[in-house]
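Enquirer: Structure file input_16.csv (CSV, C-alpha atoms) right here:
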chain,number,residue,atom,x,y,z
A,12,MET,CA,111.5,65.7,100.4
A,13,ARG,CA,113.1,64.8,103.8
A,14,LYS,CA,112.4,61.1,103.2
A,15,SER,CA,114.4,61.1,100.0
A,16,LEU,CA,117.2,63.0,101.5
A,17,PHE,CA,118.1,60.4,104.2
A,18,PRO,CA,118.9,57.5,101.8
A,19,ALA,CA,121.0,59.9,99.7
A,20,ILE,CA,123.1,61.0,102.8
A,21,ILE,CA,123.5,57.4,103.9
A,22,LEU,CA,124.7,56.4,100.4
A,23,ILE,CA,127.2,59.2,100.3
A,24,LEU,CA,128.6,58.2,103.7
A,25,LEU,CA,128.9,54.6,102.8
A,26,SER,CA,130.8,55.4,99.6
A,27,PHE,CA,133.3,57.4,101.6
A,28,SER,CA,133.6,54.6,104.3
A,29,GLU,CA,134.4,52.0,101.6
A,30,GLU,CA,137.7,53.7,100.9
A,31,ALA,CA,138.8,54.3,104.4
A,32,GLY,CA,140.9,51.1,104.6
A,33,ALA,CA,144.3,51.5,106.2
A,34,GLN,CA,147.4,51.5,104.0
A,35,ASN,CA,150.8,50.5,105.2
A,36,ALA,CA,154.3,50.1,103.8
A,37,ILE,CA,156.7,47.8,105.6
A,38,ILE,CA,160.4,47.8,104.8
A,39,ASN,CA,161.7,44.2,104.5
A,40,ASN,CA,165.2,45.0,103.3
A,41,ASP,CA,167.4,48.1,102.7
A,42,LEU,CA,169.4,48.5,99.5
A,43,THR,CA,172.8,47.2,100.4
A,44,PHE,CA,175.9,47.4,98.2
A,45,GLY,CA,178.4,45.9,100.6
A,46,ASP,CA,182.1,46.4,99.9
A,47,ILE,CA,182.9,48.8,97.0
A,48,PHE,CA,186.4,49.2,95.5
A,49,PRO,CA,187.5,52.6,94.2
A,50,GLY,CA,187.0,53.1,90.4
A,51,ILE,CA,184.8,50.0,90.1
A,52,PRO,CA,181.1,50.5,89.6
A,53,LYS,CA,178.8,48.0,91.4
A,54,THR,CA,175.2,47.1,90.5
A,55,ILE,CA,172.7,45.5,92.8
A,56,SER,CA,169.9,43.9,90.7
A,57,LYS,CA,166.3,44.2,91.9
A,58,THR,CA,166.3,40.4,91.7
A,59,THR,CA,169.1,39.9,94.2
A,60,PRO,CA,167.6,38.7,97.5
A,61,GLY,CA,169.1,40.3,100.6
A,62,SER,CA,170.8,43.1,98.7
A,63,ALA,CA,168.0,44.8,96.7
A,64,ALA,CA,165.6,47.0,98.6
A,65,GLU,CA,162.3,45.2,99.4
A,66,PHE,CA,159.1,46.5,100.9
A,67,PHE,CA,155.6,45.3,101.3
A,68,ILE,CA,152.5,47.4,100.8
A,69,SER,CA,149.2,46.5,102.4
A,70,GLY,CA,145.8,48.1,101.8
A,71,THR,CA,142.3,47.7,100.6
A,72,ALA,CA,142.2,44.9,98.0
A,73,GLY,CA,141.0,46.1,94.6
A,74,SER,CA,142.0,49.7,95.2
A,75,GLU,CA,144.3,51.4,92.8
A,76,ILE,CA,147.5,53.0,94.2
A,77,THR,CA,150.4,55.1,93.0
A,78,ILE,CA,154.0,54.5,94.1
A,79,ASP,CA,156.5,57.4,93.9
A,80,PHE,CA,160.1,57.3,94.8
A,81,THR,CA,162.4,60.1,95.8
A,82,LEU,CA,165.7,58.8,94.6
A,83,PRO,CA,169.1,60.1,95.7
A,84,THR,CA,171.9,60.8,93.2
A,85,TYR,CA,174.7,60.6,95.7
A,86,MET,CA,175.6,58.6,98.8
A,87,ASN,CA,177.4,60.5,101.6
A,88,SER,CA,180.1,59.7,104.1
A,89,GLY,CA,181.1,62.7,106.1
A,90,GLY,CA,182.0,65.3,103.5
A,91,ASN,CA,182.5,62.8,100.7
A,92,ASN,CA,180.0,61.9,98.0
A,93,MET,CA,179.7,58.8,95.8
A,94,GLN,CA,177.5,58.9,92.7
A,95,MET,CA,174.4,56.7,92.5
A,96,VAL,CA,172.4,55.7,89.4
A,97,PHE,CA,168.9,54.3,89.1
A,98,HIS,CA,168.0,53.0,85.7
A,99,GLU,CA,164.5,53.0,84.1
A,100,THR,CA,164.2,49.3,84.7
A,101,ASP,CA,165.4,49.0,88.3
A,102,CYS,CA,162.0,48.4,89.9
A,103,ALA,CA,159.8,45.3,90.1
A,104,LEU,CA,156.4,44.3,91.7
A,105,ASP,CA,154.6,41.2,92.6
A,106,SER,CA,151.2,40.9,94.2
A,107,SER,CA,150.9,37.1,94.2
A,108,ALA,CA,150.5,35.0,97.4
A,109,THR,CA,154.1,33.9,97.0
A,110,PRO,CA,156.0,36.8,95.6
A,111,ASP,CA,159.0,35.7,93.5
A,112,GLN,CA,161.8,38.2,93.4
A,113,THR,CA,163.7,36.3,90.7
A,114,ASN,CA,160.6,36.3,88.4
A,115,PRO,CA,158.3,39.1,89.6
A,116,GLY,CA,154.8,39.6,88.1
A,117,SER,CA,155.7,43.1,86.9
A,118,ASN,CA,159.3,43.6,86.0
A,119,ASN,CA,161.5,46.4,84.6
A,120,LEU,CA,159.5,49.3,85.9
A,121,ASP,CA,160.8,52.9,86.0
A,122,PRO,CA,161.3,54.2,89.6
A,123,TRP,CA,161.8,57.7,88.3
A,124,HIS,CA,158.1,57.9,87.3
A,125,THR,CA,154.8,57.3,89.1
A,126,ILE,CA,153.9,53.6,89.1
A,127,THR,CA,150.2,52.8,89.2
A,128,TYR,CA,149.0,49.4,90.4
A,129,ARG,CA,145.8,47.8,91.7
A,130,LEU,CA,146.3,46.1,95.1
A,131,GLY,CA,145.3,42.5,95.3
A,132,SER,CA,144.2,40.6,98.4
A,133,ASN,CA,147.8,39.5,99.1
A,134,GLY,CA,149.2,43.1,99.2
A,135,LEU,CA,152.1,44.1,97.0
A,136,THR,CA,155.9,43.4,97.3
A,137,VAL,CA,158.2,46.0,95.7
A,138,TRP,CA,161.9,45.5,94.9
A,139,LEU,CA,164.4,48.2,93.9
A,140,GLY,CA,168.0,47.8,92.6
A,141,GLY,CA,170.6,50.4,91.8
A,142,MET,CA,174.2,51.2,90.8
A,143,VAL,CA,176.9,53.0,92.6
A,144,ILE,CA,179.9,54.6,90.8
A,145,PRO,CA,182.9,55.2,93.0
A,146,LYS,CA,185.7,57.5,91.7
A,147,LEU,CA,189.2,56.2,91.3
A,148,GLN,CA,190.2,58.3,94.3
A,149,GLN,CA,187.0,57.6,96.3
A,150,LYS,CA,187.7,58.0,100.0
A,151,GLN,CA,187.2,54.9,102.1
A,152,GLY,CA,184.3,54.9,104.6
A,153,SER,CA,180.7,53.9,105.2
A,154,TYR,CA,178.4,55.7,102.7
A,155,SER,CA,174.7,56.0,103.0
A,156,ALA,CA,171.6,57.7,101.5
A,157,THR,CA,167.9,57.6,101.9
A,158,ILE,CA,165.2,56.6,99.4
A,159,VAL,CA,161.7,57.8,100.2
A,160,MET,CA,158.8,55.8,98.8
A,161,THR,CA,155.3,57.3,98.9
A,162,VAL,CA,152.2,55.2,98.3
A,163,ALA,CA,148.7,56.8,97.8
A,164,TYR,CA,145.3,55.7,96.8
A,165,THR,CA,144.0,57.1,93.5
A,166,GLY,CA,140.4,56.6,94.5
A,167,ASN,CA,139.8,54.3,91.5
B,22,MET,CA,110.9,64.2,114.1
B,23,SER,CA,113.5,64.6,116.9
B,24,VAL,CA,114.6,61.0,116.3
B,25,ARG,CA,115.3,61.9,112.7
B,26,ILE,CA,117.2,65.0,113.6
B,27,GLY,CA,119.2,62.9,116.1
B,28,LEU,CA,120.0,60.3,113.4
B,29,LEU,CA,121.0,63.0,111.0
B,30,PHE,CA,123.3,64.5,113.6
B,31,VAL,CA,125.0,61.1,114.2
B,32,LEU,CA,125.4,60.5,110.5
B,33,ILE,CA,126.9,63.9,110.0
B,34,SER,CA,129.3,63.3,112.9
B,35,ASN,CA,130.3,60.0,111.3
B,36,PHE,CA,130.8,61.7,107.9
B,37,SER,CA,133.2,64.1,109.5
B,38,VAL,CA,135.2,61.3,111.1
B,39,ALA,CA,135.2,59.2,107.9
B,40,ALA,CA,136.5,62.2,105.9
B,41,VAL,CA,139.4,62.6,108.4
B,42,ASN,CA,140.2,58.9,108.2
B,43,ILE,CA,140.4,59.0,104.4
B,44,GLU,CA,143.0,61.8,104.6
B,45,VAL,CA,145.1,59.8,107.0
B,46,ALA,CA,144.9,56.5,105.2
B,47,SER,CA,145.1,57.8,101.6
B,48,SER,CA,148.9,57.9,101.5
B,49,CYS,CA,151.9,56.8,103.5
B,50,SER,CA,155.6,56.9,103.0
B,51,ALA,CA,158.6,54.8,104.0
B,52,GLN,CA,162.3,55.6,104.1
B,53,ILE,CA,164.7,53.0,102.7
B,54,ARG,CA,168.3,53.2,103.7
B,55,VAL,CA,171.1,52.7,101.1
B,56,THR,CA,174.5,51.6,102.3
B,57,ALA,CA,177.9,50.9,100.9
B,58,THR,CA,181.4,50.6,102.3
B,59,VAL,CA,184.3,51.9,100.2
B,60,ILE,CA,187.6,50.0,100.8
B,61,GLU,CA,190.8,51.6,99.8
B,62,PRO,CA,193.5,49.5,98.0
B,63,ILE,CA,195.9,48.0,100.5
B,64,GLY,CA,198.7,48.2,98.0
B,65,PHE,CA,202.1,46.6,98.2
B,66,TYR,CA,203.3,44.8,101.2
B,67,ASP,CA,204.9,47.1,103.7
B,68,ASN,CA,204.6,50.0,101.2
B,69,SER,CA,201.3,51.9,101.3
B,70,THR,CA,202.3,54.4,98.6
B,71,GLY,CA,201.5,52.0,95.9
B,72,GLN,CA,204.8,52.5,94.1
B,73,ILE,CA,208.1,50.7,94.3
B,74,GLU,CA,211.3,51.9,92.9
B,75,GLY,CA,214.4,49.8,92.8
B,76,ASN,CA,217.3,48.7,90.7
B,77,ILE,CA,217.6,45.3,89.1
B,78,ASP,CA,220.9,44.3,87.7
B,79,ASN,CA,221.5,41.4,85.3
B,80,SER,CA,221.6,38.8,87.9
B,81,ASP,CA,218.9,39.9,90.4
B,82,ILE,CA,215.2,39.0,90.4
B,83,ALA,CA,213.0,41.4,92.3
B,84,ILE,CA,210.2,39.9,94.3
B,85,ILE,CA,207.1,41.9,95.0
B,86,ASP,CA,204.5,40.9,97.5
B,87,ILE,CA,201.0,42.4,97.0
B,88,CYS,CA,198.3,42.5,99.5
B,89,HIS,CA,194.7,43.4,98.7
B,90,PRO,CA,191.1,42.6,99.8
B,91,ALA,CA,190.5,38.9,99.3
B,92,ASN,CA,187.4,39.3,97.2
B,93,ALA,CA,188.8,41.9,94.8
B,94,GLY,CA,190.2,41.3,91.4
B,95,ILE,CA,193.3,43.4,90.8
B,96,ILE,CA,195.6,44.3,87.9
B,97,LEU,CA,199.3,44.9,88.4
B,98,THR,CA,201.1,46.9,85.7
B,99,ILE,CA,204.8,47.3,85.3
B,100,ASN,CA,206.0,50.3,83.3
B,101,ASN,CA,209.4,51.7,82.4
B,102,TYR,CA,209.7,55.3,81.4
B,103,ASN,CA,208.1,54.8,78.0
B,104,ARG,CA,205.6,52.1,78.0
B,105,LEU,CA,203.8,49.2,79.7
B,106,ILE,CA,206.1,46.2,80.1
B,107,ARG,CA,204.0,43.7,81.7
B,108,GLN,CA,200.5,43.3,83.2
B,109,TYR,CA,199.3,40.7,85.7
B,110,ARG,CA,195.7,40.0,86.5
B,111,PHE,CA,195.0,38.4,89.8
B,112,PRO,CA,194.3,35.9,91.1
B,113,SER,CA,194.3,33.9,87.8
B,114,ASP,CA,197.9,35.1,86.7
B,115,ALA,CA,199.4,34.9,90.1
B,116,GLY,CA,202.7,33.0,90.3
B,117,VAL,CA,202.6,32.3,94.0
B,118,ASN,CA,199.2,32.8,95.7
B,119,ARG,CA,199.0,32.7,99.4
B,120,THR,CA,195.5,33.6,100.3
B,121,ALA,CA,193.8,34.5,103.5
B,122,ALA,CA,196.8,36.2,105.0
B,123,PHE,CA,196.0,38.9,107.6
B,124,ASP,CA,196.8,42.5,107.5
B,125,LYS,CA,198.9,43.4,110.5
B,126,ALA,CA,197.0,46.7,111.1
B,127,ASP,CA,193.4,45.7,111.3
B,128,ARG,CA,193.3,42.0,110.9
B,129,LYS,CA,191.0,42.0,107.9
B,130,PRO,CA,191.3,39.0,105.6
B,131,ILE,CA,193.4,39.8,102.6
B,132,SER,CA,195.2,38.1,99.8
B,133,LEU,CA,198.9,38.1,99.6
B,134,GLU,CA,200.3,37.4,96.2
B,135,ARG,CA,203.8,37.4,94.8
B,136,VAL,CA,205.2,38.6,91.5
B,137,MET,CA,208.8,38.0,90.4
B,138,LEU,CA,210.3,40.8,88.3
B,139,PHE,CA,213.1,39.8,86.0
B,140,PRO,CA,215.8,42.0,84.5
B,141,GLY,CA,214.1,42.1,81.1
B,142,ASP,CA,211.0,43.5,82.7
B,143,CYS,CA,212.7,46.8,83.1
B,144,PHE,CA,214.4,46.9,79.7
B,145,LEU,CA,217.7,47.8,81.3
B,146,GLN,CA,216.3,50.9,82.8
B,147,ASP,CA,217.3,52.0,86.2
B,148,SER,CA,213.8,51.8,87.6
B,149,CYS,CA,210.3,51.0,86.7
B,150,LEU,CA,206.9,52.0,87.9
B,151,ILE,CA,204.5,49.4,89.3
B,152,THR,CA,200.9,50.3,89.8
B,153,LEU,CA,198.0,48.3,91.3
B,154,ILE,CA,194.4,48.8,90.4
B,155,TYR,CA,191.2,46.9,91.0
B,156,SER,CA,189.7,45.1,88.0
B,157,GLU,CA,186.3,44.0,89.4
B,158,ASN,CA,184.2,43.7,92.4
Could you take the file, read its structure, and then write that structure out as structure tokens?

Expert:
Amino acid sequence: MRKSLFPAIILILLSFSEEAGAQNAIINNDLTFGDIFPGIPKTISKTTPGSAAEFFISGTAGSEITIDFTLPTYMNSGGNNMQMVFHETDCALDSSATPDQTNPGSNNLDPWHTITYRLGSNGLTVWLGGMVIPKLQQKQGSYSATIVMTVAYTGN
Amino acid sequence: MSVRIGLLFVLISNFSVAAVNIEVASSCSAQIRVTATVIEPIGFYDNSTGQIEGNIDNSDIAIIDICHPANAGIILTINNYNRLIRQYRFPSDAGVNRTAAFDKADRKPISLERVMLFPGDCFLQDSCLITLIYSEN
């Protein structure tokens, strides 16, 4: 009885240890709209290098992960707000060794819903675009907001 | 027997540590910053209100200088009391275009463009309303 118990315990421990690989998300670029003129909406495409948000996710190759965004609806500057819009196609992913922002492996993904992806050996690069809608009487100033991205293993 | 018990203890200890590590490594989050800078219209040269009122008699030609951010498209509209008289789209419709002038106040690069307003533009009214709006980013 005891002899059969030891291999079982070892197998259980090994199965847990396999999923203990570290996971990390590195921000390569913030979402930057630059200069905005009152009354004129401006869109930053997810395929625009240097302006679209870009981050890199590393973790255990072959593991399935989920990506969730908490997206703002306004940017703020003091007491002033400016509306933001994220469309259902504003996110893109690429897990290749040479990620191509202009032609990503997975394109037009919905940042409002959970994105499920299986990590490759090269990690995963994520891009996010968006749109800002200033009012005609939008007050001048530097506006900002925060997007939170959460990545989690699914265990699959 | 004691060796086996010791081994079991070590394995159970590792199990506990591994379980904690799984919790720590199973998810992570990152905060991305979104930034934008809103620029207000600069408006008409030496007139920050965005409106000019003045009389144009049969022989005069009014000259309006407009300054605005150099990388912004703008539309200038001229209205009398009843309707739109003329609309200019800059920079393509500019009569005289002097670019890269400098705002006296903060020395930001701006465009300075000139519109000539003829008597017919006001339809013999005493005054007309001129407005300036952005057309594109």

Enquirer: If you count only C-alpha atoms, which residues fall within 7 Å of B:Tyr155, apart from same-chain ones fewer than 3 positions away, as a PDB file with C-alpha atoms, keeping the file's coordinate frame?

Expert:
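Wrote result.pdb, looks like this:
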ATOM      1  CA  PHE A  48     186.400  49.200  95.500  1.00  0.00           C
TER       2      PHE A  48
ATOM      3  CA  ALA B  93     188.800  41.900  94.800  1.00  0.00           C
ATOM      4  CA  GLY B  94     190.200  41.300  91.400  1.00  0.00           C
ATOM      5  CA  ILE B  95     193.300  43.400  90.800  1.00  0.00           C
ATOM      6  CA  ILE B  96     195.600  44.300  87.900  1.00  0.00           C
TER       7      ILE B  96
END

Enquirer: Distance cut-off 6 Å, counting all atoms listed in the file - which residues of chain A neighbour chain B? Return them as a ChimeraX atom specification.

Expert: /A:24,31,33-34,41-48,151-164

Enquirer: Quick one: residues within 9 Å of (167.6, 40.5, 89.6) (file frame), counting only C-alpha atoms, please, as a short mmCIF file (atom, residue, chain, number, x, y, z; two decimals) with C-alpha atoms, keeping the file's coordinate frame.

Expert:
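Contents of the output file result06.cif:
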data_model
loop_
_atom_site.label_atom_id
_atom_site.label_comp_id
_atom_site.auth_asym_id
_atom_site.auth_seq_id
_atom_site.Cartn_x
_atom_site.Cartn_y
_atom_site.Cartn_z
CA ILE A 55 172.70 45.50 92.80
CA SER A 56 169.90 43.90 90.70
CA LYS A 57 166.30 44.20 91.90
CA THR A 58 166.30 40.40 91.70
CA THR A 59 169.10 39.90 94.20
CA PRO A 60 167.60 38.70 97.50
CA ALA A 63 168.00 44.80 96.70
CA ASP A 101 165.40 49.00 88.30
CA GLN A 112 161.80 38.20 93.40
CA THR A 113 163.70 36.30 90.70
CA ASN A 114 160.60 36.30 88.40
CA GLY A 140 168.00 47.80 92.60
#

Enquirer: Can you tell me, as a CSV table (one decimal) with C-alpha atoms, in the coordinates of the input, what residues are no more than 8 Å from A:Asp79 when counting only C-alpha atoms, ignoring any on the same chain fewer than 2 positions away?

Expert:
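Result file out25.csv:
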chain,number,residue,atom,x,y,z
A,77,THR,CA,150.4,55.1,93.0
A,81,THR,CA,162.4,60.1,95.8
A,122,PRO,CA,161.3,54.2,89.6
A,123,TRP,CA,161.8,57.7,88.3
A,124,HIS,CA,158.1,57.9,87.3
A,125,THR,CA,154.8,57.3,89.1
A,126,ILE,CA,153.9,53.6,89.1
A,160,MET,CA,158.8,55.8,98.8
A,161,THR,CA,155.3,57.3,98.9
A,162,VAL,CA,152.2,55.2,98.3

Enquirer: Residues at most 6 Å from A:Pro49, counting all atoms listed in the file, excluding those fewer than 4 positions away in the same chain, as a PyMOL selection string?

Expert: chain A and resi 145-147+149

Enquirer: Applying 7 Å and all atoms listed in the file, which residues near A:Glu65 remain after dropping the ones on its own chain fewer than 3 positions away? List them as a VMD selection string.

Expert: chain A and resid 38 to 41 136 to 139

Enquirer: Using only C-alpha atoms, can you tell me which of A:Thr100, A:Asn91, A:Ser69, A:Ser74 comes closest to A:Leu120?

Expert: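 Of all the options, A:Thr100 lies closest to A:Leu120.
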
Enquirer: State, in Å with one decimal place, the distance from atom CA of A:Thr54 to atom CA of A:Asn118.

Expert: 16.9 Å

Enquirer: Anything within 8 Å of (199.9, 42.2, 85.8): list those residues as a PyMOL selection string, counting all atoms listed in the file and sticking to the file's coordinates.

Expert: chain B and resi 96-99+107-111+114

Enquirer: Could you check how far atom CA of A:Tyr128 sits from atom CA of A:Ala36, in Å to one decimal?

Expert: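 Value for the atom CA of A:Tyr128-atom CA of A:Ala36 distance: 14.4 Å.
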
Enquirer: Interatomic distance between atom CA of A:Arg129 and atom CA of A:Gly141?

Expert: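 Between atom CA of A:Arg129 and atom CA of A:Gly141 the gap works out to 24.9 Å.
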
Enquirer: Export stretch 89-100 of chain A from the structure block above, keeping all heavy atoms, as an mmCIF file, in the first residue's frame.

Expert:
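Generated output (selection-v1.cif):
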data_model
loop_
_atom_site.group_PDB
_atom_site.id
_atom_site.type_symbol
_atom_site.label_atom_id
_atom_site.label_comp_id
_atom_site.auth_asym_id
_atom_site.auth_seq_id
_atom_site.Cartn_x
_atom_site.Cartn_y
_atom_site.Cartn_z
ATOM 1 N N GLY A 89 -6.954 67.159 -15.332
ATOM 2 C CA GLY A 89 -7.556 67.940 -14.264
ATOM 3 C C GLY A 89 -9.014 67.542 -14.106
ATOM 4 O O GLY A 89 -9.333 66.378 -13.939
ATOM 5 N N GLY A 90 -9.893 68.482 -14.218
ATOM 6 C CA GLY A 90 -11.323 68.167 -14.112
ATOM 7 C C GLY A 90 -11.996 67.948 -15.446
ATOM 8 O O GLY A 90 -13.226 67.831 -15.508
ATOM 9 N N ASN A 91 -11.208 67.889 -16.517
ATOM 10 C CA ASN A 91 -11.807 67.743 -17.849
ATOM 11 C C ASN A 91 -11.670 66.313 -18.350
ATOM 12 O O ASN A 91 -10.652 65.659 -18.122
ATOM 13 C CB ASN A 91 -11.120 68.701 -18.835
ATOM 14 C CG ASN A 91 -11.254 70.143 -18.408
ATOM 15 O OD1 ASN A 91 -12.340 70.603 -18.089
ATOM 16 N ND2 ASN A 91 -10.136 70.852 -18.373
ATOM 17 N N ASN A 92 -12.706 65.852 -19.046
ATOM 18 C CA ASN A 92 -12.712 64.509 -19.619
ATOM 19 C C ASN A 92 -12.724 64.580 -21.141
ATOM 20 O O ASN A 92 -13.226 65.543 -21.724
ATOM 21 C CB ASN A 92 -13.941 63.724 -19.156
ATOM 22 C CG ASN A 92 -13.912 63.455 -17.671
ATOM 23 O OD1 ASN A 92 -12.846 63.324 -17.080
ATOM 24 N ND2 ASN A 92 -15.084 63.403 -17.062
ATOM 25 N N MET A 93 -12.210 63.533 -21.754
ATOM 26 C CA MET A 93 -12.279 63.405 -23.207
ATOM 27 C C MET A 93 -12.604 61.944 -23.526
ATOM 28 O O MET A 93 -11.952 61.028 -23.015
ATOM 29 C CB MET A 93 -10.947 63.817 -23.844
ATOM 30 C CG MET A 93 -10.937 63.759 -25.358
ATOM 31 S SD MET A 93 -9.567 64.692 -26.084
ATOM 32 C CE MET A 93 -8.156 63.896 -25.346
ATOM 33 N N GLN A 94 -13.622 61.754 -24.348
ATOM 34 C CA GLN A 94 -14.136 60.404 -24.584
ATOM 35 C C GLN A 94 -13.158 59.549 -25.386
ATOM 36 O O GLN A 94 -12.504 60.032 -26.318
ATOM 37 C CB GLN A 94 -15.468 60.467 -25.333
ATOM 38 C CG GLN A 94 -16.161 59.125 -25.438
ATOM 39 C CD GLN A 94 -17.456 59.210 -26.218
ATOM 40 O OE1 GLN A 94 -17.838 60.277 -26.675
ATOM 41 N NE2 GLN A 94 -18.117 58.080 -26.367
ATOM 42 N N MET A 95 -13.077 58.281 -25.003
ATOM 43 C CA MET A 95 -12.268 57.301 -25.736
ATOM 44 C C MET A 95 -13.172 56.179 -26.234
ATOM 45 O O MET A 95 -14.163 55.832 -25.586
ATOM 46 C CB MET A 95 -11.214 56.673 -24.829
ATOM 47 C CG MET A 95 -10.102 57.582 -24.416
ATOM 48 S SD MET A 95 -8.760 56.593 -23.738
ATOM 49 C CE MET A 95 -8.126 55.840 -25.242
ATOM 50 N N VAL A 96 -12.802 55.585 -27.354
ATOM 51 C CA VAL A 96 -13.550 54.456 -27.895
ATOM 52 C C VAL A 96 -12.560 53.367 -28.308
ATOM 53 O O VAL A 96 -11.565 53.648 -28.990
ATOM 54 C CB VAL A 96 -14.398 54.871 -29.120
ATOM 55 C CG1 VAL A 96 -15.032 53.657 -29.767
ATOM 56 C CG2 VAL A 96 -15.469 55.874 -28.714
ATOM 57 N N PHE A 97 -12.840 52.144 -27.878
ATOM 58 C CA PHE A 97 -12.088 50.981 -28.355
ATOM 59 C C PHE A 97 -13.053 50.099 -29.133
ATOM 60 O O PHE A 97 -14.086 49.687 -28.606
ATOM 61 C CB PHE A 97 -11.482 50.204 -27.183
ATOM 62 C CG PHE A 97 -10.396 50.961 -26.474
ATOM 63 C CD1 PHE A 97 -10.685 51.730 -25.363
ATOM 64 C CD2 PHE A 97 -9.089 50.919 -26.928
ATOM 65 C CE1 PHE A 97 -9.692 52.438 -24.710
ATOM 66 C CE2 PHE A 97 -8.085 51.636 -26.283
ATOM 67 C CZ PHE A 97 -8.390 52.387 -25.181
ATOM 68 N N HIS A 98 -12.722 49.836 -30.365
ATOM 69 C CA HIS A 98 -13.589 49.026 -31.215
ATOM 70 C C HIS A 98 -13.283 47.533 -31.033
ATOM 71 O O HIS A 98 -12.238 47.161 -30.468
ATOM 72 C CB HIS A 98 -13.422 49.423 -32.679
ATOM 73 C CG HIS A 98 -13.934 50.808 -32.969
ATOM 74 N ND1 HIS A 98 -13.088 51.875 -33.186
ATOM 75 C CD2 HIS A 98 -15.187 51.300 -33.038
ATOM 76 C CE1 HIS A 98 -13.816 52.971 -33.394
ATOM 77 N NE2 HIS A 98 -15.091 52.642 -33.316
ATOM 78 N N GLU A 99 -14.180 46.706 -31.555
ATOM 79 C CA GLU A 99 -14.070 45.258 -31.387
ATOM 80 C C GLU A 99 -12.933 44.651 -32.207
ATOM 81 O O GLU A 99 -12.701 43.453 -32.155
ATOM 82 C CB GLU A 99 -15.393 44.579 -31.765
ATOM 83 C CG GLU A 99 -16.539 44.884 -30.817
ATOM 84 C CD GLU A 99 -17.210 46.210 -31.108
ATOM 85 O OE1 GLU A 99 -16.745 46.912 -32.039
ATOM 86 O OE2 GLU A 99 -18.176 46.549 -30.410
ATOM 87 N N THR A 100 -12.242 45.475 -32.977
ATOM 88 C CA THR A 100 -11.143 44.966 -33.810
ATOM 89 C C THR A 100 -9.819 45.655 -33.472
ATOM 90 O O THR A 100 -8.877 45.601 -34.265
ATOM 91 C CB THR A 100 -11.460 45.186 -35.299
ATOM 92 O OG1 THR A 100 -11.691 46.583 -35.514
ATOM 93 C CG2 THR A 100 -12.686 44.407 -35.723
#
